[in-house]
Amino acid sequence: MSCGAGLFAGRRRAGGGLARWGGAVVGDAGYPLRGEGWAMRAEGTVFVGGPLDGRVLPVLVGVTGHPPKTYEVPVPDPGGGPDTVHVYRREPAGHSRRLGLQQGWKYVYEPEGRSGAPRPKWPWSRGR
């Protein structure tokens with residue numbers, strides 16, 4: 001590798017091609033090969049129920065490698081009224097047979113929208 005080449009400049013995907021995501025060239029692990037800087041990693045996630053039923057969309061994952069707990073899809077009203085927001089909740093997609101390891105995530109449609117479940121009350125966020 002020459003001095004001017006980037007850290008991942010010589011890496012290629014198994015099929016011999018390179019994937020593009022968000023303008024950066026991405027390798028097998030989801031990290032950029034070339035580009036401005038580090039791109040966020042995305043994971044193909046299945047949507048179950050609602051308007052996105054059966055679709056697999058790339059969802060950005062966080063530092064821990066998990067997608068967000070809820071996914072909101074705003075749909076504009078054709079009459080110019082307020083947008084309709086469809087809410088999906090994250091659930092495990094399945095488990096392996098032998099070790100019971102989790103096999104990724106899926107999003108399940110919540111027809112009633114965001115649940116009014118109370119959030120944890122942390123001691124440092126009390127009202128004063």
# chains A, B, ... in the order shown; residues from 1 in each chain; ligands from 1
call {"tool": "residues_around", "arguments": {"residues": "A:Val73", "least_positions_apart": "5", "cutoff": "8 Å", "atoms": "only C-alpha atoms", "output": "ChimeraX atom specification"}}
result
/A:85-87
call {"tool": "closest_residue", "arguments": {"among": "A:Gly79, A:Pro67, A:Lys121, A:Gly113", "to": "A:Glu43", "atoms": "only C-alpha atoms"}}
result
A:Pro67
call {"tool": "residues_around", "arguments": {"residues": "A:His66", "least_positions_apart": "6", "cutoff": "10 Å", "atoms": "only C-alpha atoms", "output": "list in words"}}
result
Ala42, Glu43, Val59, Leu60, Arg90, Gly104 and Trp105 of chain A
call {"tool": "write_last_selection", "arguments": {"atoms": "N, CA, C and O atoms", "output": "mmCIF file, in the first residue's frame"}}
result
data_model
loop_
_atom_site.group_PDB
_atom_site.id
_atom_site.type_symbol
_atom_site.label_atom_id
_atom_site.label_comp_id
_atom_site.auth_asym_id
_atom_site.auth_seq_id
_atom_site.Cartn_x
_atom_site.Cartn_y
_atom_site.Cartn_z
ATOM 1 N N ALA A 42 -25.258 1.361 8.255
ATOM 2 C CA ALA A 42 -26.686 1.083 8.087
ATOM 3 C C ALA A 42 -26.883 -0.430 7.994
ATOM 4 O O ALA A 42 -26.010 -1.162 7.539
ATOM 5 N N GLU A 43 -28.051 -0.866 8.428
ATOM 6 C CA GLU A 43 -28.375 -2.285 8.430
ATOM 7 C C GLU A 43 -29.743 -2.464 7.776
ATOM 8 O O GLU A 43 -30.671 -1.734 8.081
ATOM 9 N N VAL A 59 -31.508 1.086 7.780
ATOM 10 C CA VAL A 59 -31.729 1.916 8.960
ATOM 11 C C VAL A 59 -30.370 2.151 9.611
ATOM 12 O O VAL A 59 -29.609 1.203 9.820
ATOM 13 N N LEU A 60 -30.064 3.398 9.909
ATOM 14 C CA LEU A 60 -28.792 3.718 10.552
ATOM 15 C C LEU A 60 -28.748 3.125 11.949
ATOM 16 O O LEU A 60 -29.732 3.183 12.687
ATOM 17 N N ARG A 90 -39.195 -1.554 17.524
ATOM 18 C CA ARG A 90 -38.155 -2.547 17.265
ATOM 19 C C ARG A 90 -38.376 -3.812 18.095
ATOM 20 O O ARG A 90 -38.694 -3.739 19.275
ATOM 21 N N GLY A 104 -30.658 -10.336 14.561
ATOM 22 C CA GLY A 104 -31.012 -9.051 13.978
ATOM 23 C C GLY A 104 -32.313 -8.506 14.529
ATOM 24 O O GLY A 104 -32.863 -9.007 15.513
ATOM 25 N N TRP A 105 -32.817 -7.464 13.866
ATOM 26 C CA TRP A 105 -34.004 -6.744 14.340
ATOM 27 C C TRP A 105 -35.042 -6.635 13.245
ATOM 28 O O TRP A 105 -34.729 -6.728 12.061
#
call {"tool": "residues_around", "arguments": {"residues": "A:Asp83", "least_positions_apart": "5", "cutoff": "12 Å", "atoms": "only C-alpha atoms", "output": "number ranges by chain"}}
result
A: 72-78
call {"tool": "write_last_selection", "arguments": {"atoms": "all heavy atoms", "output": "JSON list (two decimals), in the first residue's frame"}}
result
[["chain", "number", "residue", "atom", "x", "y", "z"],
["A", 72, "GLU", "N", -40.23, 6.39, 13.21],
["A", 72, "GLU", "CA", -41.42, 7.16, 12.82],
["A", 72, "GLU", "C", -41.34, 7.53, 11.34],
["A", 72, "GLU", "O", -40.31, 8.01, 10.88],
["A", 72, "GLU", "CB", -41.54, 8.41, 13.67],
["A", 72, "GLU", "CG", -41.74, 8.09, 15.14],
["A", 72, "GLU", "CD", -41.82, 9.34, 16.00],
["A", 72, "GLU", "OE1", -41.53, 10.44, 15.50],
["A", 72, "GLU", "OE2", -42.19, 9.20, 17.17],
["A", 73, "VAL", "N", -42.44, 7.29, 10.63],
["A", 73, "VAL", "CA", -42.52, 7.60, 9.21],
["A", 73, "VAL", "C", -43.58, 8.66, 9.00],
["A", 73, "VAL", "O", -44.78, 8.37, 9.08],
["A", 73, "VAL", "CB", -42.87, 6.33, 8.39],
["A", 73, "VAL", "CG1", -42.92, 6.65, 6.91],
["A", 73, "VAL", "CG2", -41.90, 5.22, 8.67],
["A", 74, "PRO", "N", -43.19, 9.92, 8.75],
["A", 74, "PRO", "CA", -44.19, 10.96, 8.49],
["A", 74, "PRO", "C", -44.71, 10.87, 7.05],
["A", 74, "PRO", "O", -43.92, 10.72, 6.12],
["A", 74, "PRO", "CB", -43.42, 12.27, 8.72],
["A", 74, "PRO", "CG", -42.00, 11.92, 8.49],
["A", 74, "PRO", "CD", -41.84, 10.46, 8.82],
["A", 75, "VAL", "N", -46.03, 10.91, 6.89],
["A", 75, "VAL", "CA", -46.65, 10.88, 5.56],
["A", 75, "VAL", "C", -47.42, 12.18, 5.39],
["A", 75, "VAL", "O", -48.34, 12.48, 6.15],
["A", 75, "VAL", "CB", -47.62, 9.67, 5.44],
["A", 75, "VAL", "CG1", -48.30, 9.68, 4.08],
["A", 75, "VAL", "CG2", -46.87, 8.38, 5.66],
["A", 76, "PRO", "N", -47.05, 13.02, 4.40],
["A", 76, "PRO", "CA", -47.74, 14.30, 4.22],
["A", 76, "PRO", "C", -49.19, 14.11, 3.78],
["A", 76, "PRO", "O", -49.51, 13.19, 3.03],
["A", 76, "PRO", "CB", -46.92, 15.01, 3.15],
["A", 76, "PRO", "CG", -46.09, 13.97, 2.49],
["A", 76, "PRO", "CD", -45.98, 12.82, 3.45],
["A", 77, "ASP", "N", -50.04, 14.99, 4.27],
["A", 77, "ASP", "CA", -51.47, 14.96, 3.91],
["A", 77, "ASP", "C", -51.63, 15.63, 2.55],
["A", 77, "ASP", "O", -51.14, 16.75, 2.35],
["A", 77, "ASP", "CB", -52.27, 15.70, 4.99],
["A", 77, "ASP", "CG", -53.75, 15.57, 4.74],
["A", 77, "ASP", "OD1", -54.29, 14.47, 4.88],
["A", 77, "ASP", "OD2", -54.37, 16.61, 4.41],
["A", 78, "PRO", "N", -52.34, 14.99, 1.58],
["A", 78, "PRO", "CA", -52.49, 15.61, 0.26],
["A", 78, "PRO", "C", -53.32, 16.89, 0.31],
["A", 78, "PRO", "O", -53.17, 17.75, -0.54],
["A", 78, "PRO", "CB", -53.18, 14.53, -0.57],
["A", 78, "PRO", "CG", -53.68, 13.52, 0.37],
["A", 78, "PRO", "CD", -52.94, 13.67, 1.65]]
call {"tool": "atom_distance", "arguments": {"atom1": "atom CA of A:Pro68", "atom2": "atom CA of A:Pro51"}}
result
19.0 Å
call {"tool": "residues_around", "arguments": {"residues": "A:Lys69", "least_positions_apart": "5", "cutoff": "10 Å", "atoms": "only C-alpha atoms", "output": "JSON, numbers by chain"}}
result
{"A": [88, 89, 90, 91, 107]}
call {"tool": "closest_residue", "arguments": {"among": "A:Pro123, A:Gly94, A:Pro58, A:Pro82", "to": "A:Thr45", "atoms": "only C-alpha atoms"}}
result
A:Pro58
